[in-house]
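Asks: structure.txt is reproduced in full below (compact mmCIF, C-alpha atoms and all ligand atoms).
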```txt
# COMPACT_ATOMS: atom_id res chain seq x y z
CA MET M 1243 159.09 103.71 181.04
CA GLN M 1244 160.03 106.69 178.85
CA ARG M 1245 163.05 108.52 180.20
CA LEU M 1246 161.71 112.07 179.59
CA ALA M 1247 157.99 111.42 180.06
CA GLY M 1248 156.04 114.68 180.26
CA LYS M 1249 159.08 116.95 180.38
CA ILE M 1250 158.83 120.26 178.50
CA ALA M 1251 162.04 120.82 176.52
CA LEU M 1252 163.25 123.78 174.45
CA ILE M 1253 165.91 122.87 171.87
CA THR M 1254 167.61 125.62 169.85
CA GLY M 1255 169.01 124.90 166.40
CA ALA M 1256 166.49 122.06 166.13
CA ALA M 1257 166.02 122.31 162.36
CA SER M 1258 169.26 120.49 161.54
CA GLY M 1259 172.01 118.14 162.68
CA ILE M 1260 172.50 117.53 166.40
CA GLY M 1261 169.51 119.68 167.40
CA TYR M 1262 167.19 117.78 165.07
CA ALA M 1263 168.47 114.39 166.28
CA THR M 1264 168.05 115.53 169.89
CA ALA M 1265 164.46 116.63 169.25
CA GLU M 1266 163.75 113.24 167.65
CA ARG M 1267 165.19 111.32 170.63
CA PHE M 1268 163.43 113.59 173.17
CA ILE M 1269 160.06 113.00 171.49
CA ALA M 1270 160.71 109.23 171.44
CA GLU M 1271 161.41 109.41 175.20
CA GLY M 1272 158.11 111.15 175.92
CA ALA M 1273 159.15 114.81 176.10
CA ILE M 1274 157.04 117.69 174.80
CA VAL M 1275 159.46 119.55 172.57
CA ILE M 1276 159.65 123.18 171.47
CA LEU M 1277 161.78 123.14 168.34
CA ALA M 1278 163.47 126.52 167.87
CA ASP M 1279 165.56 127.80 164.97
CA ARG M 1280 166.04 130.89 162.82
CA ALA M 1281 165.86 128.94 159.54
CA THR M 1282 162.09 129.18 159.03
CA GLU M 1283 161.62 126.74 156.16
CA ARG M 1284 163.85 124.02 157.61
CA LEU M 1285 162.18 124.52 161.00
CA GLU M 1286 158.73 124.02 159.52
CA ALA M 1287 159.94 120.93 157.64
CA ALA M 1288 161.46 119.49 160.83
CA TYR M 1289 158.28 120.21 162.80
CA ALA M 1290 156.14 118.54 160.15
CA LYS M 1291 158.41 115.48 159.98
CA LEU M 1292 158.95 115.00 163.72
CA CYS M 1293 155.61 116.16 165.12
CA GLY M 1294 153.19 115.79 162.22
CA GLY M 1295 152.75 119.57 162.34
CA SER M 1296 150.53 119.56 165.43
CA GLY M 1297 150.65 119.58 169.25
CA PRO M 1298 151.57 118.96 171.97
CA HIS M 1299 154.94 119.93 170.47
CA CYS M 1300 155.50 123.31 168.82
CA ALA M 1301 157.90 125.18 166.56
CA ALA M 1302 159.28 128.59 167.53
CA PHE M 1303 161.06 130.96 165.21
CA LEU M 1304 163.96 132.15 167.37
CA ASP M 1305 167.18 133.93 166.46
CA VAL M 1306 169.26 133.11 169.54
CA ILE M 1307 171.40 136.25 169.36
CA LEU M 1308 168.41 138.59 169.79
CA GLU M 1309 167.40 139.40 173.36
CA GLU M 1310 163.88 140.48 172.41
CA ALA M 1311 163.36 137.20 170.54
CA TRP M 1312 164.20 135.24 173.71
CA ILE M 1313 161.80 137.36 175.76
CA ARG M 1314 159.00 136.74 173.24
CA THR M 1315 159.68 132.98 173.12
CA ILE M 1316 159.77 132.63 176.88
CA THR M 1317 156.54 134.60 177.25
CA GLU M 1318 154.86 132.21 174.79
CA ILE M 1319 156.23 129.11 176.57
CA ASP M 1320 155.03 130.49 179.91
CA ALA M 1321 151.55 131.11 178.52
CA THR M 1322 151.34 127.68 176.86
CA TYR M 1323 153.10 125.34 179.29
CA GLY M 1324 153.64 127.36 182.50
CA HIS M 1325 157.16 126.04 183.07
CA LEU M 1326 160.19 124.46 181.38
CA ASP M 1327 162.06 121.29 182.37
CA VAL M 1328 164.95 121.18 179.88
CA LEU M 1329 166.81 123.82 177.89
CA VAL M 1330 169.25 122.63 175.21
CA ASN M 1331 171.39 125.54 174.02
CA ASN M 1332 172.48 123.89 170.79
CA ALA M 1333 172.33 126.51 168.00
CA GLY M 1334 175.80 127.34 166.73
CA CYS M 1335 177.87 128.08 163.67
CA GLY M 1336 181.47 127.76 162.54
CA LEU M 1337 183.11 130.80 160.95
CA PRO M 1338 186.57 129.62 159.86
CA GLY M 1339 189.40 132.05 159.23
CA SER M 1340 192.80 133.02 160.60
CA ILE M 1341 193.11 135.88 163.08
CA ALA M 1342 194.69 138.03 160.37
CA ASP M 1343 191.90 137.31 157.90
CA THR M 1344 188.98 137.72 160.31
CA PRO M 1345 187.24 141.12 160.29
CA PHE M 1346 186.15 142.25 163.76
CA GLN M 1347 182.50 142.01 162.76
CA ARG M 1348 182.92 138.31 161.84
CA TRP M 1349 184.61 137.63 165.21
CA ARG M 1350 181.68 139.30 166.95
CA GLU M 1351 179.21 137.21 164.96
CA GLY M 1352 180.92 133.98 166.02
CA ILE M 1353 180.91 135.01 169.69
CA ALA M 1354 177.27 136.11 169.46
CA VAL M 1355 175.90 132.91 167.93
CA ASN M 1356 178.04 130.49 169.95
CA LEU M 1357 178.35 132.24 173.34
CA ASP M 1358 176.00 135.25 173.76
CA SER M 1359 173.15 132.89 172.83
CA VAL M 1360 173.94 130.63 175.78
CA PHE M 1361 173.94 133.57 178.19
CA LEU M 1362 170.62 134.85 176.83
CA GLY M 1363 168.97 131.42 176.83
CA THR M 1364 170.12 130.73 180.38
CA LYS M 1365 169.13 134.15 181.70
CA TYR M 1366 165.62 134.13 180.24
CA CYS M 1367 164.80 130.43 180.74
CA LEU M 1368 165.99 130.16 184.34
CA PRO M 1369 162.78 131.48 185.96
CA LEU M 1370 160.72 128.91 184.03
CA LEU M 1371 163.23 126.13 184.74
CA ALA M 1372 163.14 126.96 188.45
CA ARG M 1373 159.39 126.20 188.39
CA SER M 1374 160.18 122.64 187.26
CA ARG M 1375 160.62 119.84 189.77
CA GLY M 1376 164.20 119.52 188.49
CA GLY M 1377 165.29 121.70 185.59
CA SER M 1378 168.23 120.83 183.37
CA ILE M 1379 170.32 123.09 181.12
CA ILE M 1380 172.47 121.36 178.53
CA ASN M 1381 174.90 123.54 176.61
CA ILE M 1382 176.37 122.12 173.43
CA SER M 1383 180.02 123.19 173.43
CA SER M 1384 182.64 121.27 171.43
CA ILE M 1385 185.97 119.51 171.82
CA ILE M 1386 187.18 122.79 170.27
CA GLY M 1387 186.23 124.36 173.60
CA LEU M 1388 188.75 121.99 175.25
CA VAL M 1389 191.60 121.92 172.73
CA ALA M 1390 192.34 124.72 170.27
CA LEU M 1391 191.88 124.60 166.50
CA ALA M 1392 193.88 126.96 164.29
CA ASN M 1393 191.77 129.15 162.01
CA ALA M 1394 188.78 128.84 164.34
CA GLY M 1395 189.49 131.67 166.77
CA SER M 1396 186.00 132.91 167.60
CA TYR M 1397 184.60 129.35 167.61
CA SER M 1398 187.33 128.07 170.00
CA ALA M 1399 187.01 131.09 172.28
CA ALA M 1400 183.21 130.92 172.35
CA LYS M 1401 183.05 127.17 172.96
CA ALA M 1402 185.64 127.43 175.76
CA GLY M 1403 183.50 130.24 177.19
CA VAL M 1404 180.44 127.99 177.09
CA ARG M 1405 182.34 125.38 179.15
CA LEU M 1406 183.05 127.73 182.08
CA PHE M 1407 179.78 129.64 181.80
CA THR M 1408 178.02 126.29 182.27
CA LYS M 1409 179.93 125.72 185.51
CA VAL M 1410 179.07 129.24 186.72
CA THR M 1411 175.41 128.47 185.97
CA ALA M 1412 175.65 125.21 187.92
CA LEU M 1413 177.16 126.96 190.96
CA GLU M 1414 174.64 129.82 190.95
CA CYS M 1415 171.70 127.40 190.65
CA ALA M 1416 173.08 125.15 193.40
CA ALA M 1417 173.49 128.15 195.70
CA ALA M 1418 169.94 129.28 194.90
CA ARG M 1419 168.65 125.73 195.65
CA ASN M 1420 166.36 126.10 192.64
CA GLY M 1421 166.80 122.47 191.56
CA VAL M 1422 168.29 123.44 188.19
CA ARG M 1423 171.36 121.54 186.95
CA ALA M 1424 173.69 122.73 184.15
CA ASN M 1425 176.12 120.60 182.16
CA SER M 1426 178.03 120.96 178.90
CA VAL M 1427 178.38 118.43 176.08
CA HIS M 1428 181.53 118.42 173.94
CA PRO M 1429 181.01 116.64 170.64
CA GLY M 1430 183.91 115.68 168.43
CA GLN M 1431 183.54 115.61 164.64
CA VAL M 1432 179.91 114.84 163.81
CA GLN M 1433 178.35 114.36 160.38
CA THR M 1434 176.14 117.46 159.99
CA PRO M 1435 176.05 120.40 157.56
CA LEU M 1436 178.24 122.34 160.02
CA PHE M 1437 181.02 119.73 159.75
CA GLY M 1438 180.82 119.65 155.96
CA ASP M 1439 182.06 116.91 153.65
CA PRO M 1440 183.91 114.17 155.61
CA ALA M 1441 185.82 113.19 152.45
CA ALA M 1442 187.39 116.65 152.41
CA ALA M 1443 188.64 116.19 155.96
CA ARG M 1444 190.56 112.93 155.51
CA GLU M 1445 193.61 114.11 157.48
CA LEU M 1446 191.39 115.09 160.41
CA LEU M 1447 189.57 111.76 160.30
CA SER M 1448 192.87 109.89 160.56
CA ARG M 1449 193.32 111.49 163.99
CA ILE M 1450 190.08 110.11 165.47
CA PRO M 1451 191.05 106.97 167.44
CA ILE M 1452 187.73 105.21 166.87
CA GLY M 1453 188.31 105.55 163.11
CA ARG M 1454 185.19 107.43 162.03
CA ILE M 1455 183.22 110.60 162.64
CA GLY M 1456 180.14 110.57 164.86
CA GLN M 1457 176.47 110.61 163.97
CA PRO M 1458 174.11 113.28 165.40
CA GLY M 1459 172.12 110.60 167.23
CA GLU M 1460 175.22 109.60 169.19
CA ILE M 1461 175.38 113.11 170.68
CA ALA M 1462 171.62 113.13 171.28
CA GLU M 1463 171.98 110.06 173.53
CA ALA M 1464 174.21 112.04 175.91
CA VAL M 1465 171.73 114.94 175.88
CA VAL M 1466 168.84 112.60 176.72
CA PHE M 1467 170.80 111.32 179.73
CA LEU M 1468 171.56 114.86 180.97
CA GLY M 1469 167.94 115.93 180.44
CA SER M 1470 166.58 112.95 182.35
CA ASP M 1471 166.42 112.33 186.09
CA GLU M 1472 169.08 109.61 185.60
CA SER M 1473 171.68 112.40 185.84
CA SER M 1474 170.15 114.00 188.96
CA PHE M 1475 173.52 114.28 190.81
CA MET M 1476 175.36 115.74 187.78
CA THR M 1477 175.85 119.48 187.57
CA GLY M 1478 178.78 121.56 186.38
CA SER M 1479 180.06 118.52 184.48
CA GLU M 1480 181.41 118.27 180.95
CA VAL M 1481 180.51 115.24 178.86
CA ILE M 1482 182.91 114.52 176.00
CA VAL M 1483 181.54 112.49 173.07
CA ASP M 1484 184.40 112.43 170.55
CA GLY M 1485 185.48 108.91 169.55
CA GLY M 1486 188.59 109.35 171.72
CA TYR M 1487 189.94 112.50 169.98
CA THR M 1488 190.82 114.35 173.20
CA ALA M 1489 192.11 111.21 174.94
CA GLN M 1490 195.38 111.42 172.94
N1 LIG P 1501 178.99 118.92 163.74
C1 LIG P 1501 180.07 118.90 164.48
O1 LIG P 1501 181.10 118.30 164.11
C2 LIG P 1501 180.07 119.59 165.84
C3 LIG P 1501 181.14 119.34 166.70
C4 LIG P 1501 181.17 119.95 167.94
C5 LIG P 1501 180.15 120.80 168.33
N2 LIG P 1501 179.11 121.03 167.47
C6 LIG P 1501 178.07 121.94 167.93
O2 LIG P 1501 176.82 121.32 167.86
C7 LIG P 1501 175.81 122.32 167.68
C8 LIG P 1501 174.92 121.92 166.52
O3 LIG P 1501 175.72 121.90 165.35
P1 LIG P 1501 175.38 120.98 164.09
O4 LIG P 1501 176.64 120.30 163.72
O5 LIG P 1501 174.17 120.18 164.34
O6 LIG P 1501 175.13 122.13 163.00
P2 LIG P 1501 173.96 122.37 161.92
O7 LIG P 1501 174.49 123.44 161.06
O8 LIG P 1501 173.51 121.08 161.34
O9 LIG P 1501 172.76 122.93 162.82
C9 LIG P 1501 172.85 124.15 163.49
C10 LIG P 1501 171.45 124.76 163.57
O10 LIG P 1501 171.56 125.97 164.33
C11 LIG P 1501 170.76 126.95 163.68
N3 LIG P 1501 171.25 128.28 163.99
C12 LIG P 1501 172.43 128.85 163.66
N4 LIG P 1501 172.46 130.11 164.10
C13 LIG P 1501 171.28 130.36 164.72
C14 LIG P 1501 170.72 131.49 165.36
N5 LIG P 1501 171.37 132.66 165.44
N6 LIG P 1501 169.48 131.37 165.91
C15 LIG P 1501 168.80 130.20 165.83
N7 LIG P 1501 169.27 129.11 165.21
C16 LIG P 1501 170.50 129.19 164.66
C17 LIG P 1501 170.90 126.65 162.19
O11 LIG P 1501 169.83 127.21 161.44
C18 LIG P 1501 170.88 125.12 162.18
O12 LIG P 1501 169.56 124.61 162.05
C19 LIG P 1501 176.54 123.65 167.47
O13 LIG P 1501 176.57 124.38 168.67
C20 LIG P 1501 177.94 123.20 167.09
O14 LIG P 1501 178.93 124.15 167.40
C21 LIG P 1501 179.04 120.44 166.24
```
Reformat the file's structure so that it appears as structure tokens.

Replies:
Amino acid sequence: MQRLAGKIALITGAASGIGYATAERFIAEGAIVILADRATERLEAAYAKLCGGSGPHCAAFLDVILEEAWIRTITEIDATYGHLDVLVNNAGCGLPGSIADTPFQRWREGIAVNLDSVFLGTKYCLPLLARSRGGSIINISSIIGLVALANAGSYSAAKAGVRLFTKVTALECAAARNGVRANSVHPGQVQTPLFGDPAAARELLSRIPIGRIGQPGEIAEAVVFLGSDESSFMTGSEVIVDGGYTAQ
């Protein structure tokens, strides 16, 4: 029995890293996946590789910081599928820099991509998720939303914001009795383009108890669980997948 059989899932940032691995696992578990990203060429390549370039899955060009882009995407999903079962708010970016060295515009960009996007995705997908027999929102935060990282001010603030916004979403949905659950996932260091070259981060690696960085597929496994009915009593929870980093 496939764990996500027939579920319609929208995954943002699906052209790379954790989003791509999640789309791959969702498809393997029987979901119909809408891969969304703003990187057109990489999105098309991912769609061709994962879906053979044809239905029932689809690729959607979506810049998650633009409200009108969300409205257009949701309108298309409504017309094509009529509802949504899973939303994975995964798209994100790291913009390193000290407080002193960060121009206000760069701070705003970090908050927009990592936090505004989660608000917009939640707001515009909720009506479609409420039409599901049990909708699930999974927000990809970070361990840097739980413990601070110097020179990552907007990223830390945004990811911490995602953690509590997820709980607010869970409470509002529970009160509305709309059957939608919301949980956050907090990856540790994972080998993707966002993390960069692991060899350059040797000091950081020495602080991971399990002795290595994670692979995108290891985060995708947690997302599959939260998207499936196996997690039907979980809402407002935070799932940490970090090789023990925050256990210290
Ligand atoms: N890699 C890590 O170590 C790590 C650790 C903790 C949390 N995370 C989080 O996991 C998520 C995925 O990161 P990743 O490591 O796979 O990174 P990645 O760079 O491999 O992938 C991120 C994807 O998001 C897309 N994206 C960025 N801005 C976008 C926008 N405005 N609109 C649409 N798409 C956009 C990019 O095009 C890219 O395809 C992010 O939210 C990140 O903060 C990553």

Asks: Could you tell me, counting only C-alpha atoms and all ligand atoms, which protein and nucleic acid residues lie no more than 8 Å from ligand LIG 1501 (chain P), written as a ChimeraX atom specification?

Replies: /M:1254-1262,1278-1281,1284-1285,1303-1308,1331-1336,1354-1356,1359,1382-1386,1397,1401,1428-1437,1456,1458

Asks: Using Å and a single decimal, report how far CA of Gln1490 (chain M) sits from CA of Arg1449 (chain M).

Replies: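 Between these atoms lies a distance of 9.2 Å.
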
Asks: Quick one: distance from CA of Ala1418 (chain M) to CA of Ala1311 (chain M) in Å, one decimal?

Replies: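 So the two atoms, CA of Ala1418 (chain M) and CA of Ala1311 (chain M), lie 26.4 Å apart.
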
Asks: In terms of the shortest atom-to-atom distance over only C-alpha atoms, which of M:Ala1342, M:Met1476, M:Cys1415, M:Ala1247 is closest to Ala1394 (chain M)?

Replies: M:Ala1342

Asks: State, in Å with one decimal place, the distance from CA of Gly1387 (chain M) to CA of Val1404 (chain M).

Replies: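 Answer for the CA of Gly1387 (chain M) to CA of Val1404 (chain M) separation: 7.7 Å.
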
Asks: Using all atoms listed in the file, which residue out of M:Glu1309, M:Leu1277, M:Leu1370, M:Phe1475 lies closest to Gly1295 (chain M)?

Replies: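 Once distances to Gly1295 (chain M) are computed over all atoms listed in the file, the minimum belongs to M:Leu1277.
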
Asks: With all atoms listed in the file as the counted atoms, please give the residues lying no more than 12 Å from Ser1426 (chain M), apart from itself and same-chain residues fewer than 4 positions off, as number ranges by chain.

Replies: M: 1329-1332, 1360, 1378-1385, 1387-1388, 1401-1412, 1461, 1464-1465, 1468-1469, 1476-1483

Asks: Those same residues, written as a PDB file, keeping the file's coordinate frame with C-alpha atoms?

Replies:
```pdb
ATOM      1  CA  LEU M1329     166.810 123.820 177.890  1.00  0.00           C
ATOM      2  CA  VAL M1330     169.250 122.630 175.210  1.00  0.00           C
ATOM      3  CA  ASN M1331     171.390 125.540 174.020  1.00  0.00           C
ATOM      4  CA  ASN M1332     172.480 123.890 170.790  1.00  0.00           C
ATOM      5  CA  VAL M1360     173.940 130.630 175.780  1.00  0.00           C
ATOM      6  CA  SER M1378     168.230 120.830 183.370  1.00  0.00           C
ATOM      7  CA  ILE M1379     170.320 123.090 181.120  1.00  0.00           C
ATOM      8  CA  ILE M1380     172.470 121.360 178.530  1.00  0.00           C
ATOM      9  CA  ASN M1381     174.900 123.540 176.610  1.00  0.00           C
ATOM     10  CA  ILE M1382     176.370 122.120 173.430  1.00  0.00           C
ATOM     11  CA  SER M1383     180.020 123.190 173.430  1.00  0.00           C
ATOM     12  CA  SER M1384     182.640 121.270 171.430  1.00  0.00           C
ATOM     13  CA  ILE M1385     185.970 119.510 171.820  1.00  0.00           C
ATOM     14  CA  GLY M1387     186.230 124.360 173.600  1.00  0.00           C
ATOM     15  CA  LEU M1388     188.750 121.990 175.250  1.00  0.00           C
ATOM     16  CA  LYS M1401     183.050 127.170 172.960  1.00  0.00           C
ATOM     17  CA  ALA M1402     185.640 127.430 175.760  1.00  0.00           C
ATOM     18  CA  GLY M1403     183.500 130.240 177.190  1.00  0.00           C
ATOM     19  CA  VAL M1404     180.440 127.990 177.090  1.00  0.00           C
ATOM     20  CA  ARG M1405     182.340 125.380 179.150  1.00  0.00           C
ATOM     21  CA  LEU M1406     183.050 127.730 182.080  1.00  0.00           C
ATOM     22  CA  PHE M1407     179.780 129.640 181.800  1.00  0.00           C
ATOM     23  CA  THR M1408     178.020 126.290 182.270  1.00  0.00           C
ATOM     24  CA  LYS M1409     179.930 125.720 185.510  1.00  0.00           C
ATOM     25  CA  VAL M1410     179.070 129.240 186.720  1.00  0.00           C
ATOM     26  CA  THR M1411     175.410 128.470 185.970  1.00  0.00           C
ATOM     27  CA  ALA M1412     175.650 125.210 187.920  1.00  0.00           C
ATOM     28  CA  ILE M1461     175.380 113.110 170.680  1.00  0.00           C
ATOM     29  CA  ALA M1464     174.210 112.040 175.910  1.00  0.00           C
ATOM     30  CA  VAL M1465     171.730 114.940 175.880  1.00  0.00           C
ATOM     31  CA  LEU M1468     171.560 114.860 180.970  1.00  0.00           C
ATOM     32  CA  GLY M1469     167.940 115.930 180.440  1.00  0.00           C
ATOM     33  CA  MET M1476     175.360 115.740 187.780  1.00  0.00           C
ATOM     34  CA  THR M1477     175.850 119.480 187.570  1.00  0.00           C
ATOM     35  CA  GLY M1478     178.780 121.560 186.380  1.00  0.00           C
ATOM     36  CA  SER M1479     180.060 118.520 184.480  1.00  0.00           C
ATOM     37  CA  GLU M1480     181.410 118.270 180.950  1.00  0.00           C
ATOM     38  CA  VAL M1481     180.510 115.240 178.860  1.00  0.00           C
ATOM     39  CA  ILE M1482     182.910 114.520 176.000  1.00  0.00           C
ATOM     40  CA  VAL M1483     181.540 112.490 173.070  1.00  0.00           C
TER      41      VAL M1483
END
```

Asks: When distances are computed from only C-alpha atoms, which of M:Leu1362, M:Ala1372, M:Leu1337, M:Ala1417 shows the smallest separation from Asn1393 (chain M)?

Replies: M:Leu1337

Asks: Measuring between only C-alpha atoms, which one of M:Asn1420, M:Thr1317, M:Thr1282, M:Gln1347 shows the shortest distance to Ala1301 (chain M)?

Replies: M:Thr1282

Asks: In terms of the shortest atom-to-atom distance over all atoms listed in the file, which of M:Ala1489, M:Leu1292, M:Cys1367, M:Leu1357 is closest to Val1422 (chain M)?

Replies: M:Cys1367
